[in-house]
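Colleague: Before we start, here is the structure in question, set down as structure tokens.
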Amino acid sequence: MKKYGVNELRRMFLDFFESKGHLVMPSFSLVPHNDKSLLLINAGMAPLKPYFTGAEIPPRRRVATCQKCIRTGDIENVGKTARHGTFFEMLGNFSFGDYFKTEAIHWSWEFLTEVVGLDPERLYPSVYLDDDEAFDIWNKEIGVPAKKIYRFGKADNFWEHGAGPCGPCSEIYYDRGEKYGCGKPTCEPGCDCDRYMEIWNNVFTQFENDGNGNYETLKQKNIDTGMGLERLAVVCQEVDSMFDIDTIVALRDKVCEFARTAYHSDEMKDVSIRRIVDHIRSSTFMISDGIMPTNEGRGYVLRRLIRGAARHGRLLGIEGAFLSELSKTVIETSRDGYPELEEKKDFIFKVLAQEEDNFDRTIDQGLSILSSLEEGMKEEGKKELAGKDAFTLYDTYGFPLDLTKEILEEKGYTVDQAGFDACMKEQRERARAARAKTNYMGADATVYDSIPVEITTEFDGYDHLSDESEITVLTTQTELTQALTDGEKGTIVTEKTPFYGTMGGQTGDTGLITGPDGEFKVEDTIHLRGGRVGHVGHVLRGMLKTGDKVTLTVDENARKATCGNHSATHLLQKALKMVLGSHVEQKGSLVTPNRLRFDFSHFQAMTPEEIRRVEDLVNREIMEGIPVKTDIMSLEEAKKTGAMALFGEKYGEEVRVVSMGDFSRELCGGTHVANTADIRNFKILSEAGVAAGVRRIEALTGEQVIAYYRQQESEVAAAAAMLKTSPDGLLEKITALQAELKEAHARIEALKSEAAKNAMGDVMDNVREIGGVRFLAAKMEGVDANGLRELGDSLKDKLGECVIVLASVADGKVQLMATATDGAMKKGAHAGNLIKGIAKFVGGGGGGRPNMAMAGGKNPEGVNQALEEAGKVVESLLH
């Protein structure tokens, strides 16, 4: 068997499957695209999930890749054994509803035995327990003896992840020989020792799991295979571990050269050597995909890897910065498969050097403080470092928590994770509170304050909506960065831009910034201090980095609509002065693609006639088709032309004067239409007061006016349909309905009055005299508050000088009403005090004037007691 190198094996695999009709696709980025379930790509199939789920159509139904992957689940064991690593390459061939088990198994065997030349006698397939189809292919078609085919259960040979597509697997093991075995008589494929190495896994996605353990056969069956390139190289090159294959040996030897040591000379040094080798591979590839060292998410993974490697360099006695130099070896040995490494090498070196330098400034002090903390724990007999101390090391000295844990673990100590998390939470809450006082996407304003003062942006977007420039600054939501990756939010600053930044009431442009490796959606454009323009948004795909040559493209439709609204505000201001008077001054404005808002000084609401006249004036100027002219002149010259300026606004020595014929002339830095006809039309939606002496008009132009009238038409048609008439007959129908409603209301009130009188019955029999005043307390059913008042007035007319208390129960609720005549009040009667005295019996409260009061309650059972008590209360009030 020939000992093929890593780069040869990669090419052999991809060429083989290309010959079988597969589209060979380059490795996807390590940053997942539109997949929030993953922090980093960790398998060959991960970036292909949209094709497996049917969310996207694959470019071909047969695809092959060599995918760069990162897994950090066992990061603490990296270096301690030769088995573990964070970075690996996954070879894979995939079928989306095309071929299935027969071809997948035959091709895996063909590649391993005929192309690579592995000894068939040393290969052992495994299948899922019940997968007789795969077993027969291996046994009857390939010719592998039944005793060499192993059946494993769900834990080993069935791939599923909750609900969704799933299926059995068939793995291929390679027997590396007895020297790698455990020596047990039971040692066979599936054993935990290193003898039988799994090198290939064929996943047959043929079922759909409903999440409750019920499986249905899929109409479209898929193939998802994976083979670790480093594992295949270990087998082909007949070496002990991945740290001994050709490309990694070159890197391992470079570490040993820097450390002036030899591999296998000291076990503790070997741990550090392996750790550095693994971490610099991962770091190099992560940075090439635009991931930057930060304190959160995938950026924190990168920071842990870089600083972990730097710390182990110290343990080996390596002096000075060395990671960038090591990265050169990674690039030299991997660029055949990943040409982007060579293209981005200067960027990779810069990021590594900067992060290593930052850590180098604090590591000695941090190690010294950690040593003091260790002494303190030793003296106090403690075995756990306080969370707040671990947080100080993290926050002040840049020690990732995992690094602190690793250092302490070597000496038998642990860290209070809960205490650390509490400190982290407290810090984030403080930061959130501070951000609430600032304006940029919730981020602290110092994000922009740290931009070098010499960096500026030239705006050239008055005449065109697309331009090419260079990225000078990138920021995340919290700090300056060298790159932004898929899904990340941030701000891009370029040397020049056609994007208009929010200013003078006009909102900033939106659009796209496209670079060689990615695309950024601009959601807002803002002005920063020092003459810089910030493009705020998020990365749609790929990555962008400082120094990239990019194309900036403004959303043309949004800009045109904004221009129409802005030019309309100029016409509106002049029309308001003409209709309302010269006292009208602009007090504020907002111009967006969808609408315009204009605040102006005026001391009373505009009449409908005034609004119509203003609207007509603006639309007249639009229909005139007046060219919109922009002149640049000195402020003094502009004033001489009679151009309107915004009161209190500060202007520079040179100003832009926007003229629309003789009708309007204003100082303005915003963007405008070329001709008033481009505005198309103008409609005032509302006019209202917003402050003392300040009115506000909301209005629409262009397409938005058409959309507004269409909505109005739709609503009128819907209303007409509900009233069973045509839109033309709607007013007539409403007038008729109003007349019917008025008549019906009058009839209802008459019926209610009659019902109330009927409910009163023979209450006159209950009249008695208290202290020379006639008193009546009566109960009735289903009479509302208005009915009780009307009854009270009617009874007073009949009884003369009196006090009346009425109670009504309706729908489980009680209404009490008390009324007293003038003569009764002169003797001390007080309806409000009377109600206060009895409302408690019906579970309520209330009161009112001396002549009339009401109360409500929720206890109908207490009505009789309330009425009995009423007489006693009246007796106590009269004198």
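A note on labels: chains of the structure tokens are A, B, ... as shown, every chain counts residues from 1, and ligands are counted from 1 in their shown order.
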DSSP says helix (DSSP H, G or I) for which residues of region 132-347 of chain A? Put them as a PyMOL selection string?
Modeller: chain A and resi 132-142+146-148+154-157+178-180+229-237+242-244+246-259+267-288+297-315+323-334+340-343+345-347
Colleague: For His106 (chain A), work out the shell of residues within 9 Å, counting only C-alpha atoms and skipping chain neighbours fewer than 6 positions away, then give it as a VMD selection string.
Modeller: chain A and resid 137 to 138 141 to 142
Colleague: Extract, using only C-alpha atoms, all DNA, RNA and protein residues at most 10 Å from Asp822 (chain A), discarding same-chain residues fewer than 4 positions from it, and format them as a list of chain:residue names.
Modeller: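 Close residues of Asp822 (chain A): A:Gly800, A:Glu801, A:Cys802, A:Val803, A:Lys826, A:Lys827, A:Gly828, A:Ala829, A:Pro850, A:Asn851.
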Colleague: Between A:Phe16, A:Phe88, A:Tyr338, A:Phe598, which residue has the minimum interatomic distance to Ala233 (chain A), considering only C-alpha atoms?
Modeller: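 So, comparing all the options, the nearest one is A:Phe88.
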Colleague: Can you work out which one of A:Thr261, A:Thr497, A:Thr457, A:Thr65 has the shortest atom-to-atom distance to Gly531 (chain A), counting only C-alpha atoms?
Modeller: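 Among A:Thr261, A:Thr497, A:Thr457, A:Thr65, it is A:Thr457 that comes nearest to Gly531 (chain A).
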Colleague: Need the shell around Gly213 (chain A): protein/DNA/RNA residues with any atom at most 12 Å away, counting only C-alpha atoms. Skip same-chain ones fewer than 6 positions apart. Format as a list of chain:residue names?
Modeller: A:Glu160, A:His161, A:Gly162, A:Ala163, A:Gly164, A:Cys166, A:Phe207
Colleague: Tell me, counting only C-alpha atoms, for each residue of region 513-562 of chain A within 12 Å of region 676-700 of chain A, which pair of atoms is nearest and how far apart they are in Å to one decimal, in rows ordered by chain and increasing number, as a Markdown table.
Modeller:
| residue | atom | partner | partner_atom | distance |
| --- | --- | --- | --- | --- |
| A:Lys560 | CA | A:Asp678 | CA | 8.8 |
| A:Ala561 | CA | A:Ile679 | CA | 8.2 |
| A:Thr562 | CA | A:Ile679 | CA | 9.9 |
